[in-house]
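Shown next, in structure tokens, is the structure this report addresses.
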Amino acid sequence: MLVTTSQAIALLNSGQVVAIPTETVYGLAAPINKPNALSSIFSIKKRPFFDPLIVHVSNIDQAKNSTALWPPEAEILAQKFWPGPLTLVLQKNNTICDLITSGLNTVGLRMPNHPLALEIINQCGPLAAPSANLFGHTSPTQADHVLLGLSNTLPVVDGGPCQIGIESTIVDLSIPKQIRILRPGLISQIQIEKALTQLPLAEQPHWAMAPKSGTESTDLAVSPGSLEYHYMPLKPLIVSTQNLSNEEIILKYKQFIVDNNSTKPSSHLIKLDNPKEVTTIDLPQTPQIAARLFYSLLHTASREPLSDLIYLKISPDQMSGDWLPLWDRIQKAATLSLI
Ligand code: AMP
Ligand code: MG
């Protein structure tokens, strides 16, 4: 059910969860000091407790007040990129409970760039919020995605379509002088490196190798929630660089299901025995606009009543450079990648 910002503030203050808009994706929010509301986030999303929540703030002091250590790197990046799609992972203090961090001694912090989110956080204090979708499935970028994906009765603030459309870049600053990207996003490593050149030469942090995304080797201890299958639509997505006919797509999918019947572990992997129809989605030409619309295209294609499979043809240049953050999502959303 849609609610106004003032209704959302009252609900949050009374210990209920509310879905709120941000510029990346819609979040399912609860005040950081309300444990019952925080645990509802996990039950509503069917999210495992090993996957920590990001704490959303409306000013830098709220972020500092959540951390045990606020290094100069955090100050520079917060000043430069907040409000915006950058999450900083830092050592937490005891205002942040284990439910938020999955027992880690670090916390992910971000100031969202959305006027309604900022207004709500100003009134309620910091809010812990993951994306407002069932665990493992496509993130919502419109209010109706939340209502259809979670529940019609969930309070949702409608802030219009998300402008960024994919999740924030997550950068880990929790180890002094070591830095690593845990999740790619619109803000690139190059932009972060450039911002940090403000630090004196002797103070420059070392870049650690990021965990390899989309593979079994992802280190869940440093990057919990970075699973091989994520962002998945309700119907199987097939990605390919070739021009395939609908018949070829269906054949390849059926073969994949036979080959992988007993080996693929993920419970999110949707299996269809006898697919008949394919919906093709086309990505816009520029990476920023493609990222803005990708999840929405998946939600719409999933709801096509007569379609069984979703097909996305991509070109090799859409797998690198400014396309990398979106490519990361595409790979994880795909049931079958024919690359
Ligand atoms: P979501 O908001 O659903 O995109 O999920 C938040 C993601 O942020 C989690 O899946 C983690 O990958 C990441 N995250 C949140 N807090 C931490 C943390 N303390 N350390 C590392 N990653 C984190
Ligand atoms: Mg999520």
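By order in the structure tokens, chains are A, B, ...; within a chain, residues start at 1; ligands start at 1, following the order shown.
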Please report as JSON lines every residue of range 94-201 of chain A lying within 12 Å of range 289-310 of chain A, along with the nearest atom pair and their distance in Å (one decimal), using only C-alpha atoms.
{"residue": "A:Asn133", "atom": "CA", "partner": "A:His299", "partner_atom": "CA", "distance": 11.4}
{"residue": "A:His137", "atom": "CA", "partner": "A:His299", "partner_atom": "CA", "distance": 10.0}
{"residue": "A:Thr138", "atom": "CA", "partner": "A:Tyr295", "partner_atom": "CA", "distance": 6.3}
{"residue": "A:Ser139", "atom": "CA", "partner": "A:Tyr295", "partner_atom": "CA", "distance": 6.6}
{"residue": "A:Pro140", "atom": "CA", "partner": "A:Tyr295", "partner_atom": "CA", "distance": 7.0}
{"residue": "A:Thr141", "atom": "CA", "partner": "A:Ser296", "partner_atom": "CA", "distance": 6.5}
{"residue": "A:Gln142", "atom": "CA", "partner": "A:Ser296", "partner_atom": "CA", "distance": 7.7}
{"residue": "A:Ala143", "atom": "CA", "partner": "A:Ser296", "partner_atom": "CA", "distance": 11.0}
{"residue": "A:Asp144", "atom": "CA", "partner": "A:His299", "partner_atom": "CA", "distance": 10.0}
{"residue": "A:His145", "atom": "CA", "partner": "A:His299", "partner_atom": "CA", "distance": 7.2}
{"residue": "A:Val146", "atom": "CA", "partner": "A:His299", "partner_atom": "CA", "distance": 10.5}
{"residue": "A:Leu148", "atom": "CA", "partner": "A:His299", "partner_atom": "CA", "distance": 9.7}
{"residue": "A:Gly149", "atom": "CA", "partner": "A:His299", "partner_atom": "CA", "distance": 9.2}
{"residue": "A:Pro161", "atom": "CA", "partner": "A:Arg292", "partner_atom": "CA", "distance": 8.7}
{"residue": "A:Cys162", "atom": "CA", "partner": "A:Arg292", "partner_atom": "CA", "distance": 7.0}
{"residue": "A:Gln163", "atom": "CA", "partner": "A:Arg292", "partner_atom": "CA", "distance": 5.9}
{"residue": "A:Ile164", "atom": "CA", "partner": "A:Arg292", "partner_atom": "CA", "distance": 5.0}
{"residue": "A:Gly165", "atom": "CA", "partner": "A:Arg292", "partner_atom": "CA", "distance": 4.0}
{"residue": "A:Ile166", "atom": "CA", "partner": "A:Ala291", "partner_atom": "CA", "distance": 6.1}
{"residue": "A:Glu167", "atom": "CA", "partner": "A:Ala291", "partner_atom": "CA", "distance": 9.7}
{"residue": "A:Ser168", "atom": "CA", "partner": "A:Ala291", "partner_atom": "CA", "distance": 11.7}
{"residue": "A:Gly185", "atom": "CA", "partner": "A:Ala291", "partner_atom": "CA", "distance": 9.7}
{"residue": "A:Leu186", "atom": "CA", "partner": "A:Ala291", "partner_atom": "CA", "distance": 8.8}
Which residues sit within 8 Å of ligand 1, counting only C-alpha atoms and all ligand atoms, listed as a VMD selection string? chain A and resid 27 51 to 55 87 89 to 90 100 to 102 104 to 109 129 to 132 135 139 167 to 168 170 172 182 to 183 221 to 226
Mind checking which residues fall within 12 Å of Ala334 in chain A, counting only C-alpha atoms, ignoring those fewer than 5 positions away in the same chain, and posting them as number ranges by chain? A: 136-138, 214, 228-240, 253, 268-270, 298, 309-313, 327-329, 339
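Residues in contact with Ala63 in chain A at 9 Å, where only C-alpha atoms are counted and same-chain residues fewer than 4 positions away are skipped, are listed as A:Val55, A:His56, A:Val57, A:Ser58, A:Asn59, A:Thr67, A:Trp70, A:Leu109, A:Arg110, A:Met111, A:Pro126.
Across the model, the gap from CA of Leu2 in chain A to CA of Thr153 in chain A is 8.6 Å.
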Need to verify the contact set: range 74-78 of chain A, 9 Å, only C-alpha atoms, exclusion of same-chain residues closer than 6 positions in sequence. Can you return it as number ranges by chain? A: 60, 84, 86, 88, 90, 110-111, 173, 192, 195-196, 198-199
When DSSP is applied to the backbone of this structure, which of range 4-213 of chain A are assigned strand (DSSP E)? Write them out as a ChimeraX atom specification. /A:18-20,27-31,54-56,86-91,106-110,127-129,156-157,169-172,178-183,206-207
The selected residues should be written to file as a JSON list (two decimals), in the first residue's frame (atoms: N, CA and C atoms).
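So the final result, stored in again-v8.json, reads:
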[["chain", "number", "residue", "atom", "x", "y", "z"],
["A", 18, "VAL", "N", 9.29, -0.13, 6.33],
["A", 18, "VAL", "CA", 8.67, 0.61, 5.22],
["A", 18, "VAL", "C", 9.62, 0.55, 4.04],
["A", 19, "ALA", "N", 9.09, 0.36, 2.83],
["A", 19, "ALA", "CA", 9.94, 0.41, 1.64],
["A", 19, "ALA", "C", 10.08, 1.87, 1.19],
["A", 20, "ILE", "N", 11.32, 2.28, 0.98],
["A", 20, "ILE", "CA", 11.56, 3.69, 0.62],
["A", 20, "ILE", "C", 12.36, 3.77, -0.69],
["A", 27, "GLY", "N", 14.58, 0.42, -1.11],
["A", 27, "GLY", "CA", 15.09, -0.32, 0.04],
["A", 27, "GLY", "C", 13.96, -0.67, 1.01],
["A", 28, "LEU", "N", 14.15, -1.77, 1.75],
["A", 28, "LEU", "CA", 13.20, -2.16, 2.79],
["A", 28, "LEU", "C", 13.82, -1.72, 4.12],
["A", 29, "ALA", "N", 13.26, -0.63, 4.70],
["A", 29, "ALA", "CA", 13.99, 0.07, 5.77],
["A", 29, "ALA", "C", 13.43, -0.19, 7.15],
["A", 30, "ALA", "N", 14.34, -0.18, 8.14],
["A", 30, "ALA", "CA", 13.97, -0.24, 9.55],
["A", 30, "ALA", "C", 14.97, 0.61, 10.33],
["A", 31, "PRO", "N", 14.52, 1.28, 11.41],
["A", 31, "PRO", "CA", 15.46, 2.06, 12.23],
["A", 31, "PRO", "C", 16.52, 1.13, 12.84],
["A", 54, "ILE", "N", 22.81, -2.61, 4.71],
["A", 54, "ILE", "CA", 23.51, -1.32, 4.61],
["A", 54, "ILE", "C", 22.77, -0.29, 5.46],
["A", 55, "VAL", "N", 23.52, 0.51, 6.24],
["A", 55, "VAL", "CA", 22.92, 1.56, 7.05],
["A", 55, "VAL", "C", 22.91, 2.86, 6.24],
["A", 56, "HIS", "N", 21.70, 3.45, 6.13],
["A", 56, "HIS", "CA", 21.53, 4.67, 5.33],
["A", 56, "HIS", "C", 21.45, 5.88, 6.25],
["A", 86, "LEU", "N", 27.53, 5.21, -3.31],
["A", 86, "LEU", "CA", 28.78, 4.64, -2.81],
["A", 86, "LEU", "C", 28.58, 4.21, -1.35],
["A", 87, "THR", "N", 28.82, 2.93, -1.08],
["A", 87, "THR", "CA", 28.74, 2.40, 0.29],
["A", 87, "THR", "C", 30.14, 2.20, 0.82],
["A", 88, "LEU", "N", 30.40, 2.73, 2.02],
["A", 88, "LEU", "CA", 31.70, 2.58, 2.66],
["A", 88, "LEU", "C", 31.59, 1.52, 3.76],
["A", 89, "VAL", "N", 32.45, 0.52, 3.72],
["A", 89, "VAL", "CA", 32.49, -0.49, 4.80],
["A", 89, "VAL", "C", 33.59, -0.09, 5.77],
["A", 90, "LEU", "N", 33.20, 0.09, 7.03],
["A", 90, "LEU", "CA", 34.12, 0.59, 8.06],
["A", 90, "LEU", "C", 33.96, -0.22, 9.34],
["A", 91, "GLN", "N", 34.92, -0.07, 10.25],
["A", 91, "GLN", "CA", 34.78, -0.76, 11.54],
["A", 91, "GLN", "C", 33.61, -0.16, 12.30],
["A", 106, "THR", "N", 32.27, -4.97, 11.04],
["A", 106, "THR", "CA", 32.25, -3.84, 10.11],
["A", 106, "THR", "C", 30.80, -3.50, 9.76],
["A", 107, "VAL", "N", 30.61, -2.25, 9.27],
["A", 107, "VAL", "CA", 29.27, -1.84, 8.85],
["A", 107, "VAL", "C", 29.36, -1.13, 7.49],
["A", 108, "GLY", "N", 28.39, -1.38, 6.64],
["A", 108, "GLY", "CA", 28.29, -0.68, 5.35],
["A", 108, "GLY", "C", 27.43, 0.56, 5.53],
["A", 109, "LEU", "N", 27.94, 1.72, 5.10],
["A", 109, "LEU", "CA", 27.24, 3.00, 5.31],
["A", 109, "LEU", "C", 27.09, 3.75, 4.00],
["A", 110, "ARG", "N", 25.93, 4.39, 3.81],
["A", 110, "ARG", "CA", 25.71, 5.14, 2.58],
["A", 110, "ARG", "C", 24.72, 6.27, 2.83],
["A", 127, "LEU", "N", 18.73, 4.41, 8.97],
["A", 127, "LEU", "CA", 17.87, 3.27, 8.66],
["A", 127, "LEU", "C", 18.70, 2.18, 8.01],
["A", 128, "ALA", "N", 18.53, 0.94, 8.50],
["A", 128, "ALA", "CA", 19.16, -0.20, 7.83],
["A", 128, "ALA", "C", 18.22, -0.64, 6.72],
["A", 129, "ALA", "N", 18.75, -0.84, 5.52],
["A", 129, "ALA", "CA", 17.87, -1.22, 4.41],
["A", 129, "ALA", "C", 18.61, -2.01, 3.36],
["A", 156, "VAL", "N", 4.76, 1.37, 1.28],
["A", 156, "VAL", "CA", 5.79, 1.76, 0.31],
["A", 156, "VAL", "C", 5.65, 3.26, 0.03],
["A", 157, "VAL", "N", 6.76, 3.99, 0.07],
["A", 157, "VAL", "CA", 6.76, 5.40, -0.33],
["A", 157, "VAL", "C", 7.11, 5.44, -1.81],
["A", 169, "THR", "N", 28.12, 1.04, -5.49],
["A", 169, "THR", "CA", 29.48, 0.50, -5.39],
["A", 169, "THR", "C", 29.76, 0.30, -3.90],
["A", 170, "ILE", "N", 30.33, -0.86, -3.53],
["A", 170, "ILE", "CA", 30.72, -1.04, -2.11],
["A", 170, "ILE", "C", 32.24, -1.07, -2.03],
["A", 171, "VAL", "N", 32.79, -0.15, -1.22],
["A", 171, "VAL", "CA", 34.25, -0.12, -1.07],
["A", 171, "VAL", "C", 34.58, -0.38, 0.40],
["A", 172, "ASP", "N", 35.49, -1.32, 0.61],
["A", 172, "ASP", "CA", 35.87, -1.73, 1.96],
["A", 172, "ASP", "C", 37.06, -0.91, 2.43],
["A", 178, "GLN", "N", 44.36, -0.35, 3.47],
["A", 178, "GLN", "CA", 44.04, -1.33, 2.43],
["A", 178, "GLN", "C", 42.65, -1.03, 1.94],
["A", 179, "ILE", "N", 42.44, -1.14, 0.67],
["A", 179, "ILE", "CA", 41.13, -0.76, 0.15],
["A", 179, "ILE", "C", 40.74, -1.76, -0.94],
["A", 180, "ARG", "N", 39.47, -2.08, -0.98],
["A", 180, "ARG", "CA", 39.04, -2.99, -2.04],
["A", 180, "ARG", "C", 37.57, -2.76, -2.39],
["A", 181, "ILE", "N", 37.25, -2.97, -3.66],
["A", 181, "ILE", "CA", 35.86, -2.87, -4.11],
["A", 181, "ILE", "C", 35.20, -4.23, -3.88],
["A", 182, "LEU", "N", 34.11, -4.25, -3.12],
["A", 182, "LEU", "CA", 33.41, -5.51, -2.87],
["A", 182, "LEU", "C", 32.28, -5.72, -3.86],
["A", 183, "ARG", "N", 31.75, -4.62, -4.41],
["A", 183, "ARG", "CA", 30.69, -4.74, -5.40],
["A", 183, "ARG", "C", 30.83, -3.57, -6.38],
["A", 206, "HIS", "N", 46.78, 0.84, -0.18],
["A", 206, "HIS", "CA", 47.04, -0.20, -1.18],
["A", 206, "HIS", "C", 45.72, -0.77, -1.63],
["A", 207, "TRP", "N", 45.62, -1.06, -2.92],
["A", 207, "TRP", "CA", 44.40, -1.70, -3.41],
["A", 207, "TRP", "C", 44.57, -3.20, -3.30]]
With distances taken over only C-alpha atoms and all ligand atoms, which residue among A:Asn94, A:His114, A:Lys46, A:Trp82 lies nearest ligand 2? A:Lys46
A:Ser40, A:Thr24, A:Ser14, A:Ser174 ranked by distance to ligand 2, top pick (using only C-alpha atoms and all ligand atoms):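 When distances to ligand 2 are compared using only C-alpha atoms and all ligand atoms, the smallest one comes from A:Thr24.
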I want to know what sits within 8 Å of Ile250 in chain A, based on only C-alpha atoms, with residues of the same chain fewer than 3 positions away left out; could you give that as JSON, numbers by chain? {"A": [246, 247, 253, 254, 275, 276, 278, 309]}
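Candidate residues A:Pro325, A:Thr197, A:Leu227, A:Val3 were compared for distance to ligand 2, and the nearest is A:Leu227, using only C-alpha atoms and all ligand atoms.
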Long-range neighbours of Ser66 in chain A as a PDB file with all heavy atoms, in the first residue's frame, 7 Å cut-off, only C-alpha atoms, 6 positions minimum in chain:
ATOM      1  N   LYS A  92      32.730  -1.006  12.813  1.00  0.00           N
ATOM      2  CA  LYS A  92      31.518  -0.507  13.467  1.00  0.00           C
ATOM      3  C   LYS A  92      31.770  -0.220  14.951  1.00  0.00           C
ATOM      4  O   LYS A  92      32.733  -0.722  15.533  1.00  0.00           O
ATOM      5  CB  LYS A  92      30.397  -1.534  13.327  1.00  0.00           C
ATOM      6  CG  LYS A  92      30.527  -2.725  14.256  1.00  0.00           C
ATOM      7  CD  LYS A  92      29.295  -3.593  14.213  1.00  0.00           C
ATOM      8  CE  LYS A  92      29.309  -4.607  15.350  1.00  0.00           C
ATOM      9  NZ  LYS A  92      28.722  -4.105  16.593  1.00  0.00           N
ATOM     10  N   ASN A  93      30.879   0.571  15.553  1.00  0.00           N
ATOM     11  CA  ASN A  93      30.904   0.667  17.017  1.00  0.00           C
ATOM     12  C   ASN A  93      29.645  -0.002  17.579  1.00  0.00           C
ATOM     13  O   ASN A  93      28.877  -0.609  16.822  1.00  0.00           O
ATOM     14  CB  ASN A  93      31.055   2.132  17.488  1.00  0.00           C
ATOM     15  CG  ASN A  93      29.836   2.970  17.121  1.00  0.00           C
ATOM     16  OD1 ASN A  93      28.761   2.451  16.857  1.00  0.00           O
ATOM     17  ND2 ASN A  93      30.028   4.278  17.095  1.00  0.00           N
ATOM     18  N   THR A  95      26.802   0.977  18.529  1.00  0.00           N
ATOM     19  CA  THR A  95      25.440   1.441  18.195  1.00  0.00           C
ATOM     20  C   THR A  95      24.854   0.579  17.068  1.00  0.00           C
ATOM     21  O   THR A  95      23.668   0.656  16.771  1.00  0.00           O
ATOM     22  CB  THR A  95      25.415   2.915  17.730  1.00  0.00           C
ATOM     23  OG1 THR A  95      26.163   3.019  16.513  1.00  0.00           O
ATOM     24  CG2 THR A  95      26.015   3.855  18.761  1.00  0.00           C
ATOM     25  N   ILE A  96      25.725  -0.213  16.435  1.00  0.00           N
ATOM     26  CA  ILE A  96      25.288  -1.041  15.298  1.00  0.00           C
ATOM     27  C   ILE A  96      25.260  -2.505  15.753  1.00  0.00           C
ATOM     28  O   ILE A  96      26.301  -3.062  16.115  1.00  0.00           O
ATOM     29  CB  ILE A  96      26.273  -0.869  14.109  1.00  0.00           C
ATOM     30  CG1 ILE A  96      26.384   0.613  13.692  1.00  0.00           C
ATOM     31  CG2 ILE A  96      25.871  -1.734  12.920  1.00  0.00           C
ATOM     32  CD1 ILE A  96      25.111   1.228  13.145  1.00  0.00           C
TER      33      ILE A  96
END
From the list A:Gly103, A:Gly160, A:Pro184, A:Pro287, the nearest residue to Pro21 in chain A using only C-alpha atoms is A:Gly160
Residues of range 12-106 of chain A in helix (DSSP H, G or I), written as a VMD selection string: chain A and resid 12 to 13 35 to 45 60 to 64 72 to 81 98 to 101
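Note that CA of Ile121 in chain A and CA of Asn13 in chain A are 10.7 Å apart.
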From the list A:Leu283, A:Leu251, A:Met319, A:Ala8, the nearest residue to Gln331 in chain A using only C-alpha atoms is A:Met319
Would you mind telling me which residue in A:Ile187, A:Leu154, A:Leu338, A:Leu272 lies nearest to Ser315 in chain A when using only C-alpha atoms?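 Residue with the minimum atom-to-atom distance to Ser315 in chain A: A:Leu338.
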